[in-house]
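File shown: model_5.txt. Contents: compact mmCIF, N, CA and C atoms.
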```
# COMPACT_ATOMS: atom_id res chain seq x y z
N LEU A 231 142.18 105.70 15.44
CA LEU A 231 142.83 105.57 14.16
C LEU A 231 142.16 104.45 13.37
N LYS A 232 142.00 104.67 12.08
CA LYS A 232 141.53 103.60 11.21
C LYS A 232 142.76 103.05 10.49
N ILE A 233 143.03 101.78 10.75
CA ILE A 233 144.20 101.13 10.15
C ILE A 233 143.71 100.05 9.21
N THR A 234 144.17 100.11 7.98
CA THR A 234 143.79 99.13 6.97
C THR A 234 145.03 98.40 6.50
N VAL A 235 144.99 97.08 6.59
CA VAL A 235 146.05 96.23 6.04
C VAL A 235 145.42 95.56 4.83
N PHE A 236 145.90 95.95 3.64
CA PHE A 236 145.30 95.49 2.39
C PHE A 236 145.23 93.96 2.34
N GLY A 237 144.01 93.46 2.08
CA GLY A 237 143.80 92.03 1.95
C GLY A 237 143.71 91.27 3.27
N GLU A 238 143.73 91.98 4.39
CA GLU A 238 143.71 91.33 5.70
C GLU A 238 142.63 91.96 6.59
N LYS A 239 141.38 91.49 6.41
CA LYS A 239 140.26 92.05 7.18
C LYS A 239 140.46 91.91 8.68
N ASP A 240 141.03 90.79 9.11
CA ASP A 240 141.18 90.54 10.54
C ASP A 240 142.21 91.47 11.20
N LEU A 241 143.09 92.06 10.42
CA LEU A 241 144.11 92.96 10.96
C LEU A 241 143.72 94.43 10.81
N SER A 242 142.63 94.69 10.10
CA SER A 242 142.19 96.06 9.82
C SER A 242 141.06 96.45 10.76
N GLY A 243 140.91 97.76 10.98
CA GLY A 243 139.81 98.25 11.79
C GLY A 243 140.14 99.56 12.47
N ALA A 244 139.26 99.96 13.39
CA ALA A 244 139.45 101.18 14.16
C ALA A 244 140.16 100.82 15.47
N PHE A 245 141.22 101.55 15.77
CA PHE A 245 142.01 101.31 16.96
C PHE A 245 142.14 102.61 17.75
N GLU A 246 142.03 102.49 19.06
CA GLU A 246 142.13 103.67 19.92
C GLU A 246 143.55 103.86 20.41
N LEU A 247 143.99 105.08 20.37
CA LEU A 247 145.32 105.43 20.85
C LEU A 247 145.25 105.59 22.36
N ALA A 248 146.04 104.81 23.08
CA ALA A 248 146.05 104.86 24.55
C ALA A 248 146.76 106.12 25.02
N GLY A 249 146.58 106.44 26.28
CA GLY A 249 147.20 107.63 26.86
C GLY A 249 148.71 107.61 26.81
N ASN A 250 149.31 106.43 26.75
CA ASN A 250 150.77 106.34 26.68
C ASN A 250 151.29 106.39 25.25
N GLY A 251 150.39 106.62 24.28
CA GLY A 251 150.82 106.76 22.88
C GLY A 251 150.95 105.46 22.13
N GLU A 252 150.35 104.39 22.64
CA GLU A 252 150.43 103.09 21.97
C GLU A 252 149.06 102.65 21.46
N ILE A 253 149.10 101.84 20.41
CA ILE A 253 147.89 101.17 19.95
C ILE A 253 148.16 99.67 20.05
N SER A 254 147.10 98.93 20.27
CA SER A 254 147.24 97.48 20.38
C SER A 254 146.56 96.85 19.17
N MET A 255 147.34 96.11 18.40
CA MET A 255 146.84 95.50 17.18
C MET A 255 146.93 93.98 17.26
N PRO A 256 146.03 93.30 16.55
CA PRO A 256 146.13 91.84 16.52
C PRO A 256 147.44 91.41 15.85
N LEU A 257 147.95 90.31 16.24
CA LEU A 257 149.14 89.67 15.70
C LEU A 257 150.44 90.32 16.17
N ILE A 258 150.54 91.65 16.10
CA ILE A 258 151.80 92.31 16.45
C ILE A 258 151.79 92.95 17.83
N GLY A 259 150.64 93.04 18.47
CA GLY A 259 150.56 93.61 19.82
C GLY A 259 150.65 95.12 19.84
N LYS A 260 151.34 95.65 20.85
CA LYS A 260 151.42 97.10 21.05
C LYS A 260 152.43 97.73 20.09
N VAL A 261 152.01 98.86 19.53
CA VAL A 261 152.85 99.62 18.61
C VAL A 261 152.89 101.06 19.12
N GLY A 262 154.09 101.60 19.29
CA GLY A 262 154.24 102.98 19.75
C GLY A 262 153.94 103.96 18.64
N ALA A 263 152.95 104.83 18.88
CA ALA A 263 152.56 105.81 17.88
C ALA A 263 152.90 107.24 18.30
N LYS A 264 153.44 107.40 19.50
CA LYS A 264 153.76 108.72 20.03
C LYS A 264 154.81 109.40 19.15
N ASN A 265 154.53 110.65 18.81
CA ASN A 265 155.43 111.48 17.98
C ASN A 265 155.66 110.92 16.59
N GLN A 266 154.75 110.09 16.10
CA GLN A 266 154.85 109.53 14.75
C GLN A 266 153.91 110.29 13.81
N SER A 267 154.34 110.51 12.59
CA SER A 267 153.44 111.02 11.57
C SER A 267 152.59 109.85 11.08
N VAL A 268 151.55 110.15 10.32
CA VAL A 268 150.70 109.09 9.77
C VAL A 268 151.54 108.15 8.90
N ARG A 269 152.36 108.71 8.04
CA ARG A 269 153.21 107.90 7.16
C ARG A 269 154.23 107.09 7.95
N GLY A 270 154.79 107.70 8.98
CA GLY A 270 155.76 107.00 9.81
C GLY A 270 155.13 105.82 10.54
N LEU A 271 153.90 106.00 11.01
CA LEU A 271 153.20 104.92 11.68
C LEU A 271 152.85 103.80 10.69
N GLU A 272 152.49 104.16 9.47
CA GLU A 272 152.23 103.15 8.44
C GLU A 272 153.47 102.28 8.23
N ARG A 273 154.63 102.93 8.11
CA ARG A 273 155.88 102.18 7.91
C ARG A 273 156.20 101.29 9.12
N LYS A 274 155.98 101.82 10.30
CA LYS A 274 156.28 101.07 11.52
C LYS A 274 155.40 99.82 11.64
N ILE A 275 154.12 99.95 11.34
CA ILE A 275 153.21 98.81 11.40
C ILE A 275 153.56 97.80 10.31
N ALA A 276 153.84 98.29 9.10
CA ALA A 276 154.21 97.39 8.00
C ALA A 276 155.48 96.61 8.35
N GLN A 277 156.44 97.28 8.96
CA GLN A 277 157.69 96.61 9.36
C GLN A 277 157.40 95.49 10.36
N ALA A 278 156.54 95.77 11.34
CA ALA A 278 156.20 94.75 12.34
C ALA A 278 155.44 93.59 11.71
N LEU A 279 154.63 93.86 10.71
CA LEU A 279 153.85 92.81 10.05
C LEU A 279 154.68 91.96 9.09
N ARG A 280 155.85 92.43 8.70
CA ARG A 280 156.71 91.67 7.77
C ARG A 280 157.14 90.32 8.34
N LYS A 281 157.07 90.17 9.65
CA LYS A 281 157.38 88.88 10.27
C LYS A 281 156.33 87.83 9.91
N TYR A 282 155.12 88.30 9.57
CA TYR A 282 154.00 87.39 9.34
C TYR A 282 153.43 87.45 7.92
N LEU A 283 153.64 88.57 7.23
CA LEU A 283 153.12 88.75 5.87
C LEU A 283 154.26 89.09 4.93
N ARG A 284 154.09 88.73 3.65
CA ARG A 284 155.17 88.97 2.68
C ARG A 284 155.45 90.44 2.42
N ALA A 285 154.47 91.17 1.94
CA ALA A 285 154.65 92.58 1.62
C ALA A 285 153.41 93.35 2.08
N PRO A 286 153.27 93.57 3.39
CA PRO A 286 152.06 94.22 3.89
C PRO A 286 151.95 95.67 3.42
N GLN A 287 150.75 96.02 3.00
CA GLN A 287 150.44 97.39 2.60
C GLN A 287 149.50 97.95 3.65
N VAL A 288 149.95 99.00 4.33
CA VAL A 288 149.22 99.54 5.47
C VAL A 288 148.86 101.01 5.21
N THR A 289 147.62 101.37 5.53
CA THR A 289 147.23 102.78 5.52
C THR A 289 146.67 103.13 6.90
N VAL A 290 146.96 104.34 7.34
CA VAL A 290 146.48 104.84 8.62
C VAL A 290 145.74 106.14 8.36
N GLU A 291 144.57 106.25 8.98
CA GLU A 291 143.75 107.46 8.85
C GLU A 291 143.32 107.88 10.25
N VAL A 292 143.45 109.16 10.54
CA VAL A 292 143.03 109.67 11.85
C VAL A 292 141.53 109.93 11.79
N LEU A 293 140.78 109.25 12.66
CA LEU A 293 139.33 109.42 12.70
C LEU A 293 138.93 110.58 13.61
N ASN A 294 139.55 110.67 14.76
CA ASN A 294 139.22 111.71 15.73
C ASN A 294 140.49 112.29 16.33
N TYR A 295 140.53 113.61 16.41
CA TYR A 295 141.64 114.28 17.07
C TYR A 295 141.22 114.66 18.48
N ARG A 296 142.19 114.93 19.35
CA ARG A 296 141.87 115.45 20.68
C ARG A 296 141.19 116.80 20.52
N PRO A 297 140.27 117.14 21.41
CA PRO A 297 139.62 118.46 21.31
C PRO A 297 140.59 119.56 21.75
N PHE A 298 140.24 120.79 21.43
CA PHE A 298 140.97 121.93 21.98
C PHE A 298 140.06 122.59 23.02
N TYR A 299 140.66 123.38 23.89
CA TYR A 299 139.92 124.02 24.98
C TYR A 299 140.06 125.53 24.83
N ILE A 300 138.97 126.24 25.07
CA ILE A 300 139.01 127.70 25.02
C ILE A 300 138.33 128.24 26.27
N LEU A 301 139.05 129.09 26.99
CA LEU A 301 138.62 129.57 28.30
C LEU A 301 138.72 131.09 28.37
N GLY A 302 138.17 131.65 29.43
CA GLY A 302 138.32 133.07 29.67
C GLY A 302 137.14 133.88 29.18
N GLU A 303 137.43 135.01 28.61
CA GLU A 303 136.40 135.98 28.23
C GLU A 303 135.77 135.69 26.87
N ILE A 304 135.09 134.56 26.82
CA ILE A 304 134.28 134.20 25.66
C ILE A 304 132.92 133.74 26.17
N LYS A 305 131.93 133.71 25.29
CA LYS A 305 130.56 133.44 25.73
C LYS A 305 130.31 132.00 26.15
N LYS A 306 130.94 131.01 25.50
CA LYS A 306 130.73 129.61 25.85
C LYS A 306 132.06 128.88 25.99
N PRO A 307 132.75 129.09 27.13
CA PRO A 307 134.03 128.38 27.31
C PRO A 307 133.82 126.88 27.42
N GLY A 308 134.83 126.12 27.02
CA GLY A 308 134.74 124.67 27.12
C GLY A 308 135.65 123.99 26.11
N ASN A 309 135.36 122.71 25.86
CA ASN A 309 136.16 121.99 24.86
C ASN A 309 135.36 121.86 23.58
N TYR A 310 136.08 121.87 22.46
CA TYR A 310 135.46 121.82 21.14
C TYR A 310 136.24 120.84 20.26
N PRO A 311 135.54 120.19 19.33
CA PRO A 311 136.24 119.23 18.46
C PRO A 311 137.25 119.95 17.56
N TYR A 312 138.40 119.34 17.41
CA TYR A 312 139.45 119.90 16.56
C TYR A 312 139.04 119.83 15.10
N VAL A 313 139.27 120.93 14.39
CA VAL A 313 139.06 121.00 12.95
C VAL A 313 140.39 121.41 12.33
N SER A 314 140.86 120.67 11.37
CA SER A 314 142.16 120.92 10.77
C SER A 314 142.25 122.34 10.20
N GLY A 315 143.32 123.05 10.55
CA GLY A 315 143.59 124.37 10.01
C GLY A 315 142.83 125.51 10.66
N ILE A 316 142.13 125.26 11.74
CA ILE A 316 141.32 126.30 12.39
C ILE A 316 142.22 127.34 13.05
N SER A 317 141.82 128.60 12.99
CA SER A 317 142.57 129.67 13.64
C SER A 317 141.93 129.98 14.99
N VAL A 318 142.63 130.76 15.80
CA VAL A 318 142.11 131.15 17.10
C VAL A 318 140.81 131.93 16.93
N LEU A 319 140.74 132.80 15.93
CA LEU A 319 139.52 133.57 15.69
C LEU A 319 138.35 132.65 15.35
N ASN A 320 138.58 131.60 14.55
CA ASN A 320 137.54 130.62 14.26
C ASN A 320 137.11 129.88 15.53
N ALA A 321 138.09 129.56 16.39
CA ALA A 321 137.79 128.88 17.64
C ALA A 321 136.92 129.76 18.54
N VAL A 322 137.22 131.05 18.57
CA VAL A 322 136.41 131.99 19.35
C VAL A 322 134.99 132.03 18.80
N ALA A 323 134.85 132.02 17.49
CA ALA A 323 133.52 132.01 16.87
C ALA A 323 132.75 130.75 17.25
N MET A 324 133.44 129.60 17.28
CA MET A 324 132.79 128.36 17.69
C MET A 324 132.28 128.45 19.13
N ALA A 325 132.98 129.22 19.95
CA ALA A 325 132.64 129.35 21.36
C ALA A 325 131.71 130.54 21.62
N GLY A 326 131.07 131.04 20.59
CA GLY A 326 130.06 132.08 20.77
C GLY A 326 130.57 133.50 20.70
N GLY A 327 131.86 133.69 20.49
CA GLY A 327 132.41 135.03 20.37
C GLY A 327 132.98 135.57 21.67
N PHE A 328 133.61 136.73 21.58
CA PHE A 328 134.21 137.39 22.74
C PHE A 328 133.12 137.99 23.63
N THR A 329 133.40 138.09 24.93
CA THR A 329 132.53 138.87 25.81
C THR A 329 132.93 140.34 25.67
N TYR A 330 132.14 141.24 26.23
CA TYR A 330 132.47 142.66 26.11
C TYR A 330 133.73 143.03 26.90
N ARG A 331 134.16 142.17 27.83
CA ARG A 331 135.36 142.43 28.64
C ARG A 331 136.63 141.81 28.05
N ALA A 332 136.52 141.13 26.93
CA ALA A 332 137.67 140.42 26.37
C ALA A 332 138.75 141.38 25.86
N ASP A 333 139.99 141.04 26.14
CA ASP A 333 141.13 141.78 25.61
C ASP A 333 141.63 140.99 24.40
N LYS A 334 141.22 141.41 23.22
CA LYS A 334 141.54 140.68 21.99
C LYS A 334 143.03 140.68 21.68
N GLY A 335 143.77 141.54 22.33
CA GLY A 335 145.22 141.60 22.13
C GLY A 335 146.00 140.79 23.17
N ASP A 336 145.30 140.16 24.11
CA ASP A 336 145.96 139.39 25.16
C ASP A 336 145.39 137.97 25.17
N ILE A 337 145.86 137.16 24.23
CA ILE A 337 145.42 135.78 24.09
C ILE A 337 146.62 134.88 24.37
N VAL A 338 146.42 133.87 25.21
CA VAL A 338 147.49 132.98 25.62
C VAL A 338 147.14 131.55 25.23
N ILE A 339 148.15 130.79 24.83
CA ILE A 339 147.93 129.39 24.46
C ILE A 339 148.93 128.51 25.20
N LYS A 340 148.47 127.33 25.61
CA LYS A 340 149.34 126.31 26.19
C LYS A 340 149.27 125.10 25.27
N ARG A 341 150.44 124.63 24.87
CA ARG A 341 150.53 123.47 23.99
C ARG A 341 151.29 122.36 24.68
N ALA A 342 150.85 121.14 24.44
CA ALA A 342 151.50 119.99 25.06
C ALA A 342 152.96 119.88 24.63
N GLY A 343 153.25 120.23 23.42
CA GLY A 343 154.60 120.08 22.88
C GLY A 343 155.63 121.03 23.44
N ASN A 344 155.20 122.12 24.10
CA ASN A 344 156.19 123.07 24.61
C ASN A 344 156.29 123.02 26.13
N GLY A 345 156.00 121.88 26.71
CA GLY A 345 156.17 121.70 28.15
C GLY A 345 155.12 122.40 28.99
N GLY A 346 153.99 122.76 28.39
CA GLY A 346 152.93 123.42 29.14
C GLY A 346 153.15 124.90 29.38
N ARG A 347 154.17 125.48 28.73
CA ARG A 347 154.41 126.92 28.87
C ARG A 347 153.32 127.70 28.16
N ALA A 348 152.89 128.79 28.77
CA ALA A 348 151.92 129.68 28.14
C ALA A 348 152.68 130.68 27.28
N GLU A 349 152.16 130.93 26.08
CA GLU A 349 152.79 131.93 25.22
C GLU A 349 151.71 132.79 24.58
N ASN A 350 152.03 134.06 24.39
CA ASN A 350 151.08 134.98 23.77
C ASN A 350 150.98 134.71 22.28
N ILE A 351 149.76 134.84 21.76
CA ILE A 351 149.51 134.58 20.35
C ILE A 351 148.55 135.63 19.80
N THR A 352 148.26 135.54 18.51
CA THR A 352 147.29 136.44 17.88
C THR A 352 146.06 135.64 17.44
N GLU A 353 145.06 136.34 16.96
CA GLU A 353 143.84 135.69 16.49
C GLU A 353 144.09 134.82 15.26
N ALA A 354 145.18 135.06 14.54
CA ALA A 354 145.49 134.32 13.32
C ALA A 354 146.25 133.02 13.57
N THR A 355 146.69 132.79 14.80
CA THR A 355 147.45 131.58 15.13
C THR A 355 146.63 130.33 14.88
N THR A 356 147.25 129.30 14.32
CA THR A 356 146.57 128.03 14.05
C THR A 356 146.47 127.21 15.32
N VAL A 357 145.29 126.65 15.56
CA VAL A 357 145.03 125.82 16.73
C VAL A 357 145.42 124.39 16.41
N LEU A 358 146.00 123.69 17.40
CA LEU A 358 146.38 122.29 17.27
C LEU A 358 145.57 121.46 18.26
N PRO A 359 145.43 120.14 18.02
CA PRO A 359 144.70 119.30 18.96
C PRO A 359 145.30 119.39 20.37
N GLY A 360 144.44 119.52 21.37
CA GLY A 360 144.88 119.57 22.76
C GLY A 360 145.28 120.95 23.25
N ASP A 361 145.26 121.96 22.39
CA ASP A 361 145.62 123.31 22.81
C ASP A 361 144.64 123.83 23.86
N ILE A 362 145.16 124.65 24.77
CA ILE A 362 144.32 125.35 25.74
C ILE A 362 144.50 126.84 25.49
N ILE A 363 143.44 127.48 25.01
CA ILE A 363 143.46 128.89 24.65
C ILE A 363 142.76 129.66 25.76
N THR A 364 143.38 130.75 26.23
CA THR A 364 142.79 131.58 27.25
C THR A 364 142.70 133.01 26.74
N ILE A 365 141.48 133.56 26.76
CA ILE A 365 141.24 134.95 26.37
C ILE A 365 141.22 135.77 27.67
N LYS A 366 142.16 136.68 27.82
CA LYS A 366 142.29 137.45 29.04
C LYS A 366 141.25 138.57 29.10
N GLU A 367 141.06 139.10 30.32
CA GLU A 367 140.12 140.19 30.56
C GLU A 367 140.85 141.52 30.41
N ARG A 368 140.21 142.48 29.78
CA ARG A 368 140.83 143.81 29.66
C ARG A 368 140.47 144.63 30.88
N PHE A 369 141.38 145.49 31.23
CA PHE A 369 141.15 146.39 32.36
C PHE A 369 141.04 147.80 31.83
N PHE A 370 140.09 148.54 32.34
CA PHE A 370 139.82 149.88 31.80
C PHE A 370 140.82 150.85 32.28
```
Would you give me this structure, written as C-alpha cells?
Amino acid sequence: LKITVFGEKDLSGAFELAGNGEISMPLIGKVGAKNQSVRGLERKIAQALRKYLRAPQVTVEVLNYRPFYILGEIKKPGNYPYVSGISVLNAVAMAGGFTYRADKGDIVIKRAGNGGRAENITEATTVLPGDIITIKERFF
C-alpha cells in the first residue's frame, strides 16, 4: 500500500500488508487493515494520527493486489497478476486459452471470502484477488 500523510514525509511511503492483515507504520505502530476499504483505512489511520497531528490528511493507494490462480484444462496454468475488473474469460486468455479437453461449461472458483467453498461460475464472472479458478475436463 502507498500511504501518504499530507505534509509528513516521514510518515508517508510504501507499506506491506502482513499476512495477518496489519500494516506497521511509524509513530502509530500496527494498524489493522483486514476487511477495510481504502477509504475506511484512510479514516482509521487518520484517527490514530490525531493523537500526534492536528488534522491529518491521509490517502491510501493499493500498489499491488494478490495474484489469482488458474488451473486445470488451460495451456499455461499458474498464478497471474490481478487486473481490476477482469473476467474469467480474460483470465483464461492470459493463461494461453483452453486446451482441447476443456469443459467451458464446468468452471469452478474458490474465494477466500466464502470459506474456501468451490462454486460453479461462468466465463463472464469477475475475478477477485486471490481467486483460484479451475477449468474442468470434459468427458466424451
Residues at most 12 Å from A:Gly302, counting only C-alpha atoms, excluding those fewer than 3 positions away in the same chain, as a PyMOL selection string? chain A and resi 299+305-308+322+325+327-334+336-339+362-368
Skipping near chain neighbours, those fewer than 6 positions away, what residues fall within 12 Å of A:Gln277 using only C-alpha atoms, listed as a list in words?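 Result of the neighbour search: Ile258, Val261, Gly270, Leu271, Leu283, Arg284, Ala285, Pro286, Gln287 and Val288 of chain A.
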Find the residues around A:Glu291 up to 7 Å (only N, CA and C atoms counted), leave out those fewer than 6 positions away in its own chain, and share them as a ChimeraX atom specification. /A:231-234,268
As AutoDock Vina command-line options: centre and edge lengths in Å, one decimal, of the axis-aligned box holding stretch 272-285 of chain A with 8 Å per side:
```
--center_x 155.0 --center_y 95.8 --center_z 7.0 --size_x 21.5 --size_y 32.8 --size_z 26.7
```
What's the separation between atom N of A:Ser317 and atom CA of A:Leu358, in Å to one decimal place?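 A separation of 8.9 Å between them.
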